[in-house]
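A.B. asks: Could you have a look at this structure, given as C-alpha cells, before my questions?
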Amino acid sequence: MPARTCPTCETELPDDAAFCAQCGSATATQIFGEPSVELEPGRQSASYATEPERLQRILGPNFRLGRLIGRGGYAEVFAVQDLKLNRELAIKVLRPDLIVTPNLLARFRREALAVAALNHPHIVPVYDVGEAGGVCYLVMPLIQGESLKDAMSREGRIPVAEATRILLEAASALTASHEAGVVHRDIKPENIVLEGRDRRVRLMDFGIAKAMDGGDRDLTGTGVVVGTPQYMSPEQASGEATVDHRTDQYSLAVIGYQMLGGQVPFGGETARAVITKLLLESAPRLDRLAPGLPPSLVATLHRALEKDPARRFATTQDFAAALKGELAPTAGLPPAPRGPVVRRWAAGAAVLTTVVVAVAMAVRNNGSRQGELGPAPEASPAPPPPAVPPVTPAVVAPPPPPAARRDTGTALVIDPDPVLDTTRRAPPRDTVPAEPVAPPPDCEALYGRQEWVSALGRCAIESDSGSARASRRMASLIRDGRAPALGPGETLKYLEAAGRAGDALALFELGERYSTGNGAALDPTLATNRYLGAANAGFARAFPIVAQRLDQGLGVVRDRAAALDWFVKAAGSGDVQSQVLLGRRYADGDGVDRDYARARSWLDRAAQAGSPEAQYQLALLYFNGRGVDRSDETGMEWLRRAAAAGHQQALRELERRR
C-alpha cells in the first residue's frame with residue numbers, strides 16, 4: 001500500500017500521525033481498534049480525483065461531478081452540477097485513505113445532522129448527508145468567493161475595520177451554533193469563506209471536527225486529535241476530554257490576531273514546536289506587532305487568548321460585544337491566580353534593604369564579559385564551527401544562589417543578608433533537623449517555566465560554561481524581546497556559541513541567516529559551512545540544502561560527487577524532491593552513469609509519496625520499458641495519477657494517448 005504522506009508538503013507520515021511533523025498540517029488519520037467498512041477490492045487510491053466514476057455512481061443521474069476544488073487533512077471537495085434544479089453544489093467526501101469505521105460513520109452522521117439544523121446567514125448550510133460504498137459525504141451549496149487564508153496571503157494584514165467586521169460576522173455564526181449545542185473545534189482561515197463582492201463571511205465544517213474526533217468514548221475507545229496546531233486552544237492541544245464553546249472563541253481570536261498582526265501568536269517549524277509554545281509561552285503583545293491599534297481591541301483579543309478558558313469571555317456573544325465596544329474587555333474577569341507568597345523576615349526592628357539587579361546588565365558586566373553590550377562587529381565573524389557531529393559539552397556546576405532570592409518578573413530582588421537581622425535566632429540543632437538545600441533550577445527549567453528574568457541570568461552563565469542548549473536559549477530570549485538591553489548582534493553571537501558546541505538547530509538557523517541576510521551579513525560561504533555542520537550532526541532538514549549548495553557551487557567549490565552523496569542521504573531520509581532528482585539523473589545519465597533500475601527505484605518511492613513529477617517520469621519508464629518490464633497499462637495508471645494532480649506534461653501526454 002502506498003506510504004501515507006502529508007497533503008500539504010508531501011512528507012512521509014507514520015501510520016497513526018494526526019499532524020505532519022514537518023509543516024504542522026492536519027493529516028488523513030487512520031483509526032485503529034475498530035472493524036473497518038469494506039471498500040472496493042484493490043482500491044488503494046489516495047484521492048477520488050483518480051476515480052471520479054466512483055463518486056459519480058454515488059451521486060446518481062441527477063447530478064454531474066465536476067472538478068476537484070480543494071483537498072484538506074481529511075476530506076476532498078468537488079464541484080457538482082444539480083441537473084434537476086440547475087444549481088451549483090459542492091460535495092465533501094472523506095478521503096479514501098481514511099479508514100471508515102461504523103463508529104466513525106455514526107459520529108459523522110450525528111454531527112452532520114446537528115449542523116443541518118443550523119440556519120444562519122454566516123454558516124454554509126448542509127443539504128444532504130450520506131454514506132454509500134464506504135464513502136462518507138456532505139452536499140452543500142458551492143460558495144463563490146475565496147477563503148480568508150487566500151485573502152490574507154494576497155493582502156497581508158487586514159485593515160482594522162475590515163478585520164473587525166469579519167470577526168463579528170464569524171462570532172455571530174458561532175453564537176448561533178453554540179446556542180444549538182454545536183462546537184466547531186476547527187476554526188481556521190481555510191474554514192472562513194469571504195463570499196461575493198461584499199465579502200460576506202460564511203463558516204464551513206461546523207461540527208465535522210467533532211465527528212472526526214475519537215474523543216467520544218461511548219462510540220470508540222480510540223481517539224484522534226483533529227485540528228490545526230496554530231489555531232488550537234490550549235485545552236484542545238493538550239487533549240482534554242471536555243472541550244466546550246470557548247475553544248472556538250480562542251481560535252477566532254487567533255485569526256483576529258493574525259489578520260491585524262500579520263502572524264499567528266505561536267508559530268514554529270513543527271507541530272510539536274507550535275504546541276510547546278502554545279502551552280508554555282504567552283502571546284506577544286499585539287500592539288507591539290502592529291502599533292496604533294485601538295487598545296480596547298488589543299485587550300479584547302488577548303482576553304480571548306487566555307490559556308485558562310475560565311478567564312476568557314463567558315460566551316462568544318460577550319466576545320462580540322467587547323469587539324464592538326459595548327462591553328469592557330475586563331468585565332467579569334476573575335482575579336488572576338496569586339503568585340508565590342514572598343517570604344518576610346520576622347524582625348520588625350531591622351531595616352529591610354533590597355537591591356534591584358537588572359539581570360541582563362549584571363550578567364554582561366560580570367568579570368571578563370564587561371563592555372560587551374553592543375552587537376558583535378560584522379567585520380569579524382566568529383570562526384566557522386567544524387563540520388563534524390556535535391560533542392556533548394562538559395557540565396559545569398552553577399554557583400550557589402544568593403540567599404533567599406526571589407523572582408519579581410522584571411528583576412531579581414535579593415533579601416538582606418541574614419547576619420544583619422539580629423532579632424532572628426536559629427533554633428537549637430537538636431530540635432530542628434537540617435533541611436537539604438535544593439539545587440537552583442537550571443536554564444532549561446527556568447525557560448520552560450517562563451521565568452524570563454531568572455532564565456536570562458542562568459542561561460548566560462551556563463552559556464559561558466559551554467552549554468550549547470543554554471546558548472541557543474539565550475539567542476531565543478534575545479530574539480523574542482526578553483532582553484531589551486541586548487541587540488540582534490547578541491542573538492547571532494549566542495547562536496555561534498551554540499554552533500561551536502555542536503548544536504544542530506543553531507547551526508541550521510545560522511545557515512538560514514547567512515543565506516538570507518536576516519539578522520546577519522549575507523555570506524554564502526558561512527551559510528554553506530553552517531548548513532554542512534548541521535547536516536554532519538544528523539539534522540535531516542539540512543541534507544537537501546547542503547546537496548543543492550554543493551551541486552550549484554553556492555559558497556563553496558562546486559562538487560557534484562559530494563552533492564550526489566547528500567542527495568542520496570536526503571532521499572533516504574524521505575525528502576521527495578531529492579528522490580525525484582535522483583530518479584531523473586539516473587535516467588538521463590546526468591553526472592552519473594545511466595542506471596534505469598536505480599532511476600525506477602527512486603522515482604517509485606517519490607511517486608508512492610504522491611509526487612506528480614515522479615509519477616509522470618515513472619510512467620515514461622513503463623511506456624519505454626526502461627529499468628522495468630514494458631507495461632502500457634501500468635504506465636497509464638501512473639500517467640493518470642500525475643494528470644489528476646495537474647501535471648501539465650502528463651495532461652498533454654494523456655490527451656495524446658487517448
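Residue names in the C-alpha cells use chain letters A, B, ... in the order shown, residue numbers from 1 in each chain, and ligand numbers from 1 in the order shown.
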Within 12 Å of Arg197 of chain A, counting only C-alpha atoms, which residues qualify if same-chain residues fewer than 6 places away don't, as a list of chain:residue names?

C.D. replies: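 Non-adjacent residues within range: A:Gln144, A:Gly145, A:Glu146.
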
A.B. asks: Just checking: using only C-alpha atoms, which residue out of A:Ile91, A:Ala112, A:Leu59, A:Val182 ends up closest to Arg71 of chain A?

C.D. replies: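 Between A:Ile91, A:Ala112, A:Leu59, A:Val182, the residue approaching Arg71 of chain A most closely is A:Ile91.
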
A.B. asks: What is the distance, in Å and to one decimal place, between atom CA of Thr276 of chain A and atom CA of Tyr250 of chain A?

C.D. replies: 16.7 Å

A.B. asks: Of the candidates A:Asp480, A:Glu496, A:Glu169, A:Glu131, which shows the shortest atom-to-atom distance to Leu289 of chain A, using only C-alpha atoms?

C.D. replies: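 Under the stated criterion, the closest residue is A:Asp480.
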
A.B. asks: Name the closest residue to Met474 of chain A among the candidates A:Ala504, A:Cys443, A:Ala90, A:Ala314; distances are taken between atoms, counting only C-alpha atoms.

C.D. replies: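 Under the stated criterion, the closest residue is A:Cys443.
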
A.B. asks: I'd like to know which of A:Ala290, A:Ala619, A:Val183, A:Ala320 is closest to Ala304 of chain A, using only C-alpha atoms.

C.D. replies: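 Ranked by minimum distance to Ala304 of chain A, first place goes to A:Ala320.
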
A.B. asks: Using only C-alpha atoms, pick whichever of A:Leu522, A:Leu581, A:Ile158, A:Ala527 has the shortest atom-to-atom distance to Leu554 of chain A.

C.D. replies: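 Between A:Leu522, A:Leu581, A:Ile158, A:Ala527, the residue approaching Leu554 of chain A most closely is A:Ala527.
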
A.B. asks: Determine which residues of segment 455-513 of chain A DSSP labels as alpha helix (DSSP H) from the backbone of this structure, then write them out as a PyMOL selection string.

C.D. replies: chain A and resi 455-464+468-479+488-500+504-513

A.B. asks: May I have the residues within 12 Å of Leu327 of chain A as JSON, numbers by chain, using only C-alpha atoms and disregarding those fewer than 2 positions away in the same chain?

C.D. replies: {"A": [296, 297, 299, 300, 313, 317, 318, 319, 320, 321, 322, 323, 324, 325, 329, 330, 331, 332, 333]}

A.B. asks: What would the file look like if the residues just selected were written as a PDB file, in the first residue's frame with N, CA and C atoms?

C.D. replies:
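Produced file out-v2.pdb, reproduced below:
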ATOM      1  N   SER A 296      -8.628  48.914  23.229  1.00  0.00           N
ATOM      2  CA  SER A 296      -9.716  48.011  23.626  1.00  0.00           C
ATOM      3  C   SER A 296      -9.757  46.767  22.734  1.00  0.00           C
ATOM      4  N   LEU A 297      -9.437  46.922  21.449  1.00  0.00           N
ATOM      5  CA  LEU A 297      -9.411  45.783  20.534  1.00  0.00           C
ATOM      6  C   LEU A 297      -8.288  44.823  20.914  1.00  0.00           C
ATOM      7  N   ALA A 299      -6.919  44.501  23.910  1.00  0.00           N
ATOM      8  CA  ALA A 299      -7.269  43.868  25.180  1.00  0.00           C
ATOM      9  C   ALA A 299      -8.315  42.775  24.981  1.00  0.00           C
ATOM     10  N   THR A 300      -9.265  43.011  24.077  1.00  0.00           N
ATOM     11  CA  THR A 300     -10.313  42.017  23.820  1.00  0.00           C
ATOM     12  C   THR A 300      -9.722  40.732  23.259  1.00  0.00           C
ATOM     13  N   PHE A 313     -13.930  35.234  27.685  1.00  0.00           N
ATOM     14  CA  PHE A 313     -15.307  35.704  27.773  1.00  0.00           C
ATOM     15  C   PHE A 313     -16.222  34.514  28.011  1.00  0.00           C
ATOM     16  N   GLN A 317     -20.928  35.642  22.359  1.00  0.00           N
ATOM     17  CA  GLN A 317     -21.706  36.880  22.260  1.00  0.00           C
ATOM     18  C   GLN A 317     -21.039  37.994  23.069  1.00  0.00           C
ATOM     19  N   ASP A 318     -20.517  37.671  24.244  1.00  0.00           N
ATOM     20  CA  ASP A 318     -19.785  38.666  25.040  1.00  0.00           C
ATOM     21  C   ASP A 318     -18.505  39.098  24.318  1.00  0.00           C
ATOM     22  N   PHE A 319     -17.839  38.144  23.689  1.00  0.00           N
ATOM     23  CA  PHE A 319     -16.642  38.456  22.904  1.00  0.00           C
ATOM     24  C   PHE A 319     -16.981  39.463  21.808  1.00  0.00           C
ATOM     25  N   ALA A 320     -18.100  39.235  21.118  1.00  0.00           N
ATOM     26  CA  ALA A 320     -18.518  40.159  20.060  1.00  0.00           C
ATOM     27  C   ALA A 320     -18.873  41.527  20.635  1.00  0.00           C
ATOM     28  N   ALA A 321     -19.534  41.547  21.804  1.00  0.00           N
ATOM     29  CA  ALA A 321     -19.890  42.823  22.439  1.00  0.00           C
ATOM     30  C   ALA A 321     -18.638  43.626  22.786  1.00  0.00           C
ATOM     31  N   ALA A 322     -17.586  42.947  23.245  1.00  0.00           N
ATOM     32  CA  ALA A 322     -16.331  43.641  23.550  1.00  0.00           C
ATOM     33  C   ALA A 322     -15.678  44.162  22.278  1.00  0.00           C
ATOM     34  N   LEU A 323     -15.782  43.401  21.183  1.00  0.00           N
ATOM     35  CA  LEU A 323     -15.230  43.869  19.905  1.00  0.00           C
ATOM     36  C   LEU A 323     -15.925  45.148  19.445  1.00  0.00           C
ATOM     37  N   LYS A 324     -17.229  45.248  19.732  1.00  0.00           N
ATOM     38  CA  LYS A 324     -17.995  46.436  19.322  1.00  0.00           C
ATOM     39  C   LYS A 324     -17.883  47.575  20.325  1.00  0.00           C
ATOM     40  N   GLY A 325     -17.199  47.346  21.442  1.00  0.00           N
ATOM     41  CA  GLY A 325     -17.063  48.383  22.454  1.00  0.00           C
ATOM     42  C   GLY A 325     -18.236  48.472  23.392  1.00  0.00           C
ATOM     43  N   PRO A 329     -13.343  44.974  27.992  1.00  0.00           N
ATOM     44  CA  PRO A 329     -12.617  43.705  27.823  1.00  0.00           C
ATOM     45  C   PRO A 329     -12.367  42.971  29.128  1.00  0.00           C
ATOM     46  N   THR A 330     -12.323  43.706  30.253  1.00  0.00           N
ATOM     47  CA  THR A 330     -12.037  43.066  31.533  1.00  0.00           C
ATOM     48  C   THR A 330     -13.287  42.797  32.362  1.00  0.00           C
ATOM     49  N   ALA A 331     -14.465  43.114  31.816  1.00  0.00           N
ATOM     50  CA  ALA A 331     -15.701  42.926  32.585  1.00  0.00           C
ATOM     51  C   ALA A 331     -15.889  41.459  32.940  1.00  0.00           C
ATOM     52  N   GLY A 332     -16.147  41.201  34.227  1.00  0.00           N
ATOM     53  CA  GLY A 332     -16.415  39.836  34.671  1.00  0.00           C
ATOM     54  C   GLY A 332     -15.196  38.945  34.726  1.00  0.00           C
ATOM     55  N   LEU A 333     -14.001  39.514  34.527  1.00  0.00           N
ATOM     56  CA  LEU A 333     -12.797  38.695  34.531  1.00  0.00           C
ATOM     57  C   LEU A 333     -12.435  38.320  35.958  1.00  0.00           C
TER      58      LEU A 333
END

A.B. asks: Quick one: of A:Gly60, A:Gly610, A:Pro291, A:Gly196, who's nearest to Gln579 of chain A, counting only C-alpha atoms?

C.D. replies: A:Gly610
